[in-house]
Amino acid sequence: MSVLQTLQNRSNTTCELCAATKDLKQYTIPPSLNESVDNSLLVCSTCLDQIEGNTQMDVNHWRCLNDSMWSEFVAVQIMAWRMLQRLRNEGWPKDLLDMMYLDDEALALARATGEHEDEANKIIHRDVNGVILEAGDSVVLVKDLKVKGSSMVAKQGTAVRNIRLDHENAEYIEGKVDNQQIVIITKYVKKL
Ligand SMILES: [Zn+2]
């Protein structure tokens, strides 16, 4: 049986990402050189055009990944992972990624095209309401915070001006409270 036939059989001739039944093609996930059942999946033209960047990403279309990310087939898992990475700034894809499990080998292949880098992988800091925080912003604390390594408590309602971002960790920012530079968790602040 050819790779294509095997894919058609296992998917019941549907797009393995969105379950569409028309315009299906075999897609071998880059950078694989040899097409095999293990590194290929059946996708529809709507999915394929967006995967290959020929058309703009339709965010809502990719809600389908909610289901297909649980596929038992690694090639499908990898493509779901890559597309979720591209969309992660939308919020919900990030939540799905957090739930996903890829074994080490699959994860290495998933990362091979750098889908998780650049735009998609930028560390974004968000306040308690999901508003994006940038260096230099002012925030207000939405609860009392104990300051690590001191007896100080930064009170709810305290304004912190000119914050700095922790570029390694989206959950941390830094700012001065009572003239002391402290680390603050982003979910406890609100942008002013
Ligand atoms: Zn599709």
# chains A, B, ... in the order shown; residues from 1 in each chain; ligands from 1
>>> select_by_dssp(residues="segment 39-88 of chain A", states="alpha helix (DSSP H)", output="ChimeraX atom specification")
/A:45-51,65-68,74-86
>>> write_last_selection(atoms="N, CA, C and O atoms", output="mmCIF file, in the first residue's frame")
data_model
loop_
_atom_site.group_PDB
_atom_site.id
_atom_site.type_symbol
_atom_site.label_atom_id
_atom_site.label_comp_id
_atom_site.auth_asym_id
_atom_site.auth_seq_id
_atom_site.Cartn_x
_atom_site.Cartn_y
_atom_site.Cartn_z
ATOM 1 N N SER A 45 -6.871 21.348 1.306
ATOM 2 C CA SER A 45 -6.184 22.496 0.714
ATOM 3 C C SER A 45 -6.290 23.737 1.598
ATOM 4 O O SER A 45 -5.397 24.576 1.605
ATOM 5 N N THR A 46 -7.377 23.843 2.368
ATOM 6 C CA THR A 46 -7.514 24.998 3.275
ATOM 7 C C THR A 46 -6.392 24.980 4.312
ATOM 8 O O THR A 46 -5.756 26.000 4.578
ATOM 9 N N CYS A 47 -6.186 23.805 4.902
ATOM 10 C CA CYS A 47 -5.097 23.681 5.877
ATOM 11 C C CYS A 47 -3.745 23.890 5.199
ATOM 12 O O CYS A 47 -2.904 24.646 5.687
ATOM 13 N N LEU A 48 -3.555 23.228 4.078
ATOM 14 C CA LEU A 48 -2.251 23.248 3.414
ATOM 15 C C LEU A 48 -1.832 24.664 3.010
ATOM 16 O O LEU A 48 -0.689 25.066 3.199
ATOM 17 N N ASP A 49 -2.778 25.423 2.437
ATOM 18 C CA ASP A 49 -2.449 26.785 2.009
ATOM 19 C C ASP A 49 -1.953 27.628 3.180
ATOM 20 O O ASP A 49 -1.070 28.471 3.030
ATOM 21 N N GLN A 50 -2.546 27.401 4.335
ATOM 22 C CA GLN A 50 -2.131 28.175 5.508
ATOM 23 C C GLN A 50 -0.829 27.638 6.105
ATOM 24 O O GLN A 50 0.024 28.411 6.540
ATOM 25 N N ILE A 51 -0.696 26.325 6.072
ATOM 26 C CA ILE A 51 0.562 25.731 6.553
ATOM 27 C C ILE A 51 1.726 26.286 5.743
ATOM 28 O O ILE A 51 2.765 26.654 6.272
ATOM 29 N N LEU A 65 -7.830 22.238 15.828
ATOM 30 C CA LEU A 65 -6.691 21.586 16.482
ATOM 31 C C LEU A 65 -7.039 21.107 17.885
ATOM 32 O O LEU A 65 -6.395 20.213 18.426
ATOM 33 N N ASN A 66 -8.053 21.728 18.429
ATOM 34 C CA ASN A 66 -8.604 21.298 19.711
ATOM 35 C C ASN A 66 -8.859 19.787 19.740
ATOM 36 O O ASN A 66 -8.659 19.126 20.758
ATOM 37 N N ASP A 67 -9.301 19.278 18.589
ATOM 38 C CA ASP A 67 -9.530 17.831 18.482
ATOM 39 C C ASP A 67 -8.309 17.106 17.935
ATOM 40 O O ASP A 67 -7.869 16.109 18.487
ATOM 41 N N SER A 68 -7.762 17.646 16.829
ATOM 42 C CA SER A 68 -6.739 16.867 16.130
ATOM 43 C C SER A 68 -5.426 16.773 16.900
ATOM 44 O O SER A 68 -4.631 15.869 16.655
ATOM 45 N N VAL A 74 1.767 10.590 15.257
ATOM 46 C CA VAL A 74 2.748 11.595 15.635
ATOM 47 C C VAL A 74 2.845 12.728 14.619
ATOM 48 O O VAL A 74 2.989 13.895 14.978
ATOM 49 N N ALA A 75 2.732 12.404 13.333
ATOM 50 C CA ALA A 75 2.835 13.452 12.313
ATOM 51 C C ALA A 75 1.717 14.487 12.496
ATOM 52 O O ALA A 75 1.925 15.683 12.297
ATOM 53 N N VAL A 76 0.551 14.015 12.883
ATOM 54 C CA VAL A 76 -0.578 14.929 13.114
ATOM 55 C C VAL A 76 -0.314 15.764 14.370
ATOM 56 O O VAL A 76 -0.512 16.979 14.383
ATOM 57 N N GLN A 77 0.189 15.115 15.388
ATOM 58 C CA GLN A 77 0.526 15.844 16.620
ATOM 59 C C GLN A 77 1.548 16.941 16.332
ATOM 60 O O GLN A 77 1.415 18.063 16.807
ATOM 61 N N ILE A 78 2.537 16.605 15.521
ATOM 62 C CA ILE A 78 3.594 17.578 15.236
ATOM 63 C C ILE A 78 3.041 18.774 14.469
ATOM 64 O O ILE A 78 3.342 19.926 14.777
ATOM 65 N N MET A 79 2.199 18.525 13.464
ATOM 66 C CA MET A 79 1.629 19.652 12.720
ATOM 67 C C MET A 79 0.699 20.476 13.593
ATOM 68 O O MET A 79 0.644 21.698 13.477
ATOM 69 N N ALA A 80 -0.046 19.812 14.454
ATOM 70 C CA ALA A 80 -0.921 20.545 15.372
ATOM 71 C C ALA A 80 -0.064 21.440 16.270
ATOM 72 O O ALA A 80 -0.357 22.619 16.463
ATOM 73 N N TRP A 81 1.020 20.884 16.748
ATOM 74 C CA TRP A 81 1.931 21.640 17.622
ATOM 75 C C TRP A 81 2.490 22.864 16.887
ATOM 76 O O TRP A 81 2.496 23.973 17.410
ATOM 77 N N ARG A 82 2.912 22.641 15.646
ATOM 78 C CA ARG A 82 3.496 23.756 14.890
ATOM 79 C C ARG A 82 2.472 24.861 14.627
ATOM 80 O O ARG A 82 2.793 26.050 14.727
ATOM 81 N N MET A 83 1.269 24.479 14.260
ATOM 82 C CA MET A 83 0.261 25.496 13.965
ATOM 83 C C MET A 83 -0.151 26.223 15.245
ATOM 84 O O MET A 83 -0.362 27.442 15.234
ATOM 85 N N LEU A 84 -0.240 25.502 16.342
ATOM 86 C CA LEU A 84 -0.561 26.155 17.617
ATOM 87 C C LEU A 84 0.543 27.138 18.002
ATOM 88 O O LEU A 84 0.276 28.222 18.516
ATOM 89 N N GLN A 85 1.784 26.743 17.710
ATOM 90 C CA GLN A 85 2.891 27.658 17.998
ATOM 91 C C GLN A 85 2.758 28.948 17.191
ATOM 92 O O GLN A 85 2.968 30.036 17.709
ATOM 93 N N ARG A 86 2.394 28.825 15.934
ATOM 94 C CA ARG A 86 2.249 30.026 15.104
ATOM 95 C C ARG A 86 1.173 30.952 15.651
ATOM 96 O O ARG A 86 1.231 32.158 15.475
#
>>> residues_around(residues="Ala19 of chain A", least_positions_apart="5", cutoff="10 Å", atoms="only C-alpha atoms", output="number ranges by chain")
A: 11-14, 42-44, 64, 67-68
>>> residues_around(residues="segment 171-181 of chain A", least_positions_apart="3", cutoff="10 Å", atoms="only C-alpha atoms", output="ChimeraX atom specification")
/A:123-127,133-139,147,152-155,158-168,184-189
>>> select_by_dssp(residues="chain A", states="strand (DSSP E or B)", output="PyMOL selection string")
chain A and resi 24-28+40-44+125-126+132-133+139-141+145-146+153-154+159-160+164-165+172-177+180-185+189-191
>>> closest_residue(among="A:Leu102, A:His116, A:Lys191, A:Leu87", to="Val128 of chain A", atoms="only C-alpha atoms")
A:Lys191
